[in-house]
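Structure, as C-alpha cells:
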Amino acid sequence: MSRKSSRKFSLSLGLAAAVFSTFSLIAAAPAQAADKLVIAASPVPHAEILDFVKPILAKEGVDLQVKVFTDYIQPAVQTNEKRVDGNFFLHQPYLNEFKKNHKNDIEVVVTKVHVEPFAGYSSKYKKLADLPDGATVAIPNDPSNSGRALLLLSRQGLLKLKDPSNISATQKDIIENPKHLKFKELEAATLPRVLNQVDLALINTNYAIEAKLNPVKDSLFIEDANSPYANLLVARPDNRDSAAIKKLAVALNSPEVKKFIEEKYKGAVVPAF
C-alpha cells in the first residue's frame, strides 16, 4: 500500500471511530429528565392524595415531590418565596385572610379538590343536648376557621350571630349566647390534644383524622357537603399555566382520585369536583 493510500485509510478509520463514538455517547445519554414539581401539603388527607397521584403523574413525565407541613403558615409562605411550586392545604376563606395579613402574597387558585367537613367533638358528652351551661368550647385561632366554627355553632342553635352567613364572624358578632359558652381560641393543630380538657372542640378534619377521630362517627355535629370551604390546589401567576401544574390539576380532578377519596375517607372527606 502506498503512503498516500495508507494516509487515506487512516483518515477513514479515524472518521469512522469518531462517528461511532458520537453515536455511542448519544445512545448512553439518559432519557430526558421528568419535570420536577414540589408541592407543600398538610399530612392528611392532602399529602396522602398527592402520594396517590404520583404514579399517574410519573407516566405523564412529572416527578411530583410532596413537602409535608403540620402548620397552616409555612406552606403559603414557601409558595410565595418560590421555595415550592405550589401548595395543597387551604380553602378560599383562609387564602383571602392570608392575603390580607401577609405581604408579597402571590398565590392563585388552580382547582378545587375536596371538602373536609368541619365538625364538633367532645370526649365528655355523647349528645349536644348534654352540653352544660358555661361549657368551654375550643375553636381554631386563625380568622377564617374561627369564623367557620362560629357559623357551625350558630347552625346548631348554640349561639346567634349578627349575620349568620358572615364567614369572617368573630366573637364580637355574637348577639345571643344562651348557654353562656366560654371560648378558647387555639392553634388548629393543637385542638385534638386538648379535647379532654374542654367540653367541646371544633376541629378541622385533617387534624381530626390524624388524631384517629372519624368525623362522621365521632363528632356531635358536622358540616354538610355544601360547605364553601373546598380545599384548593394553589400555585403562583408565574407557574399556574405550566404543563406540570396543569397535569397535576387534571390528576387531582380525575375519576381515580374521586374513587380514592370516597373509599379511603368514607365521608370524612368529600370530592369537590
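Residues in the C-alpha cells are named by chain (A, B, ... in the order shown) and by number from 1 within that chain; ligands are numbered from 1 in the order shown.
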
Subject >> DSSP-assigned strand (DSSP E) among range 29-264 of chain A, expressed as a PyMOL selection string >> reply: chain A and resi 35-41+62-68+86-91+108-115+119-121+136-140+160-161+174-176+182-186+200-203+221-222+230-235

**OP:** List the neighbours of Leu195 in chain A out to 12 Å using only C-alpha atoms; skip same-chain residues closer than 2 positions along the sequence, and give me the result as a list in words.
**Re:**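 Contacts, with the query itself left out: Gly120, Tyr121, Ser122, Ser123, Lys124, Tyr125, Thr136, Val137, Ala138, Ile139, Lys184, Leu186, Ala188, Ala189, Thr190, Leu191, Pro192, Arg193, Gln197, Val198, Asp199, Leu200, Ala201, Leu202, Ile203, Ala208, Ala211, Leu213 and Ser219 of chain A.
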
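Summary of the local environment: counting only C-alpha atoms, residues at most 10 Å from Lys247 in chain A, other than itself and those fewer than 2 positions away along its chain, are Ile56, Leu57, Glu60, Gly61, Val62, Asp241, Ser242, Ala243, Ala244, Ile245, Ala249, Val250, Ala251 and Leu252 of chain A.
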
Subject >> Secondary structure check, helix (DSSP H, G or I) residues of range 82-240 of chain A, as a PyMOL selection string >> reply: chain A and resi 92-101+128-130+143-155+171-173+188-197+205-210+215-218

Those residues with C-alpha atoms, as a PDB file, in the first residue's frame please?
```pdb
ATOM      1  CA  GLN A  92     -60.664  30.120  49.781  1.00  0.00           C
ATOM      2  CA  PRO A  93     -61.623  31.928  53.025  1.00  0.00           C
ATOM      3  CA  TYR A  94     -58.224  31.088  54.509  1.00  0.00           C
ATOM      4  CA  LEU A  95     -56.457  32.276  51.354  1.00  0.00           C
ATOM      5  CA  ASN A  96     -58.396  35.535  51.470  1.00  0.00           C
ATOM      6  CA  GLU A  97     -57.384  36.137  55.091  1.00  0.00           C
ATOM      7  CA  PHE A  98     -53.768  35.229  54.363  1.00  0.00           C
ATOM      8  CA  LYS A  99     -53.630  37.759  51.548  1.00  0.00           C
ATOM      9  CA  LYS A 100     -54.951  40.462  53.868  1.00  0.00           C
ATOM     10  CA  ASN A 101     -52.370  39.807  56.560  1.00  0.00           C
ATOM     11  CA  LEU A 128     -75.142  18.010  72.033  1.00  0.00           C
ATOM     12  CA  ALA A 129     -78.155  18.415  74.325  1.00  0.00           C
ATOM     13  CA  ASP A 130     -75.973  17.327  77.267  1.00  0.00           C
ATOM     14  CA  PRO A 143     -59.607  34.117  61.423  1.00  0.00           C
ATOM     15  CA  SER A 144     -61.088  32.022  58.611  1.00  0.00           C
ATOM     16  CA  ASN A 145     -61.512  28.882  60.706  1.00  0.00           C
ATOM     17  CA  SER A 146     -62.660  30.665  63.872  1.00  0.00           C
ATOM     18  CA  GLY A 147     -65.419  32.280  61.793  1.00  0.00           C
ATOM     19  CA  ARG A 148     -66.224  28.885  60.331  1.00  0.00           C
ATOM     20  CA  ALA A 149     -66.510  27.434  63.849  1.00  0.00           C
ATOM     21  CA  LEU A 150     -68.875  30.191  64.986  1.00  0.00           C
ATOM     22  CA  LEU A 151     -71.086  29.704  61.920  1.00  0.00           C
ATOM     23  CA  LEU A 152     -71.317  25.987  62.622  1.00  0.00           C
ATOM     24  CA  LEU A 153     -72.185  26.621  66.279  1.00  0.00           C
ATOM     25  CA  SER A 154     -74.830  29.070  65.113  1.00  0.00           C
ATOM     26  CA  ARG A 155     -76.365  26.435  62.853  1.00  0.00           C
ATOM     27  CA  GLN A 171     -66.837  36.577  68.965  1.00  0.00           C
ATOM     28  CA  LYS A 172     -67.792  40.280  68.803  1.00  0.00           C
ATOM     29  CA  ASP A 173     -70.521  39.283  66.331  1.00  0.00           C
ATOM     30  CA  ALA A 188     -55.830  24.433  64.887  1.00  0.00           C
ATOM     31  CA  ALA A 189     -53.239  21.652  65.075  1.00  0.00           C
ATOM     32  CA  THR A 190     -53.421  21.526  68.887  1.00  0.00           C
ATOM     33  CA  LEU A 191     -57.194  21.083  69.180  1.00  0.00           C
ATOM     34  CA  PRO A 192     -57.278  17.251  69.200  1.00  0.00           C
ATOM     35  CA  ARG A 193     -54.731  17.271  72.036  1.00  0.00           C
ATOM     36  CA  VAL A 194     -56.904  19.477  74.272  1.00  0.00           C
ATOM     37  CA  LEU A 195     -60.141  17.615  73.599  1.00  0.00           C
ATOM     38  CA  ASN A 196     -60.153  16.056  77.094  1.00  0.00           C
ATOM     39  CA  GLN A 197     -59.528  19.477  78.677  1.00  0.00           C
ATOM     40  CA  THR A 205     -60.947  17.329  59.555  1.00  0.00           C
ATOM     41  CA  ASN A 206     -57.298  16.903  58.549  1.00  0.00           C
ATOM     42  CA  TYR A 207     -56.245  17.209  62.195  1.00  0.00           C
ATOM     43  CA  ALA A 208     -59.152  15.062  63.355  1.00  0.00           C
ATOM     44  CA  ILE A 209     -58.162  12.241  61.009  1.00  0.00           C
ATOM     45  CA  GLU A 210     -54.538  12.462  62.144  1.00  0.00           C
ATOM     46  CA  PRO A 215     -65.645  12.994  61.635  1.00  0.00           C
ATOM     47  CA  VAL A 216     -68.701  11.018  60.549  1.00  0.00           C
ATOM     48  CA  LYS A 217     -68.895   8.667  63.543  1.00  0.00           C
ATOM     49  CA  ASP A 218     -67.165  10.522  66.391  1.00  0.00           C
TER      50      ASP A 218
END
```

Each residue of range 14-118 of chain A lying at most 9 Å from range 228-232 of chain A should get a row with its shortest atom-to-atom pair and the distance in Å to one decimal, counting only C-alpha atoms; could you produce that, ordered by chain and increasing number, as CSV?
```
residue,atom,partner,partner_atom,distance
A:His46,CA,A:Asn231,CA,8.9
A:Asn87,CA,A:Leu232,CA,8.2
A:Phe88,CA,A:Leu232,CA,5.8
A:Phe89,CA,A:Asn231,CA,6.2
A:Leu90,CA,A:Asn231,CA,5.3
A:His91,CA,A:Asn231,CA,4.5
A:Gln92,CA,A:Tyr229,CA,6.5
A:Pro93,CA,A:Tyr229,CA,7.0
A:Tyr94,CA,A:Tyr229,CA,8.7
A:Val109,CA,A:Leu232,CA,6.6
A:Val110,CA,A:Leu232,CA,7.2
A:Thr111,CA,A:Leu232,CA,5.8
A:Lys112,CA,A:Leu232,CA,4.6
A:Val113,CA,A:Leu232,CA,5.7
A:His114,CA,A:Asn231,CA,5.3
A:Val115,CA,A:Ala230,CA,4.4
A:Glu116,CA,A:Ala230,CA,7.3
A:Pro117,CA,A:Tyr229,CA,8.3
```

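If only C-alpha atoms are the atoms counted, then among A:Leu233, A:Ala41, A:Gln65, A:Ser227 the closest residue to Ile167 in chain A is A:Ser227.
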
Original post:
Nearest to Glu107 in chain A among A:Val38, A:Ala58, A:Ala235, A:Ala272, with distances taken over only C-alpha atoms: which residue is it?
Top reply: A:Ala235
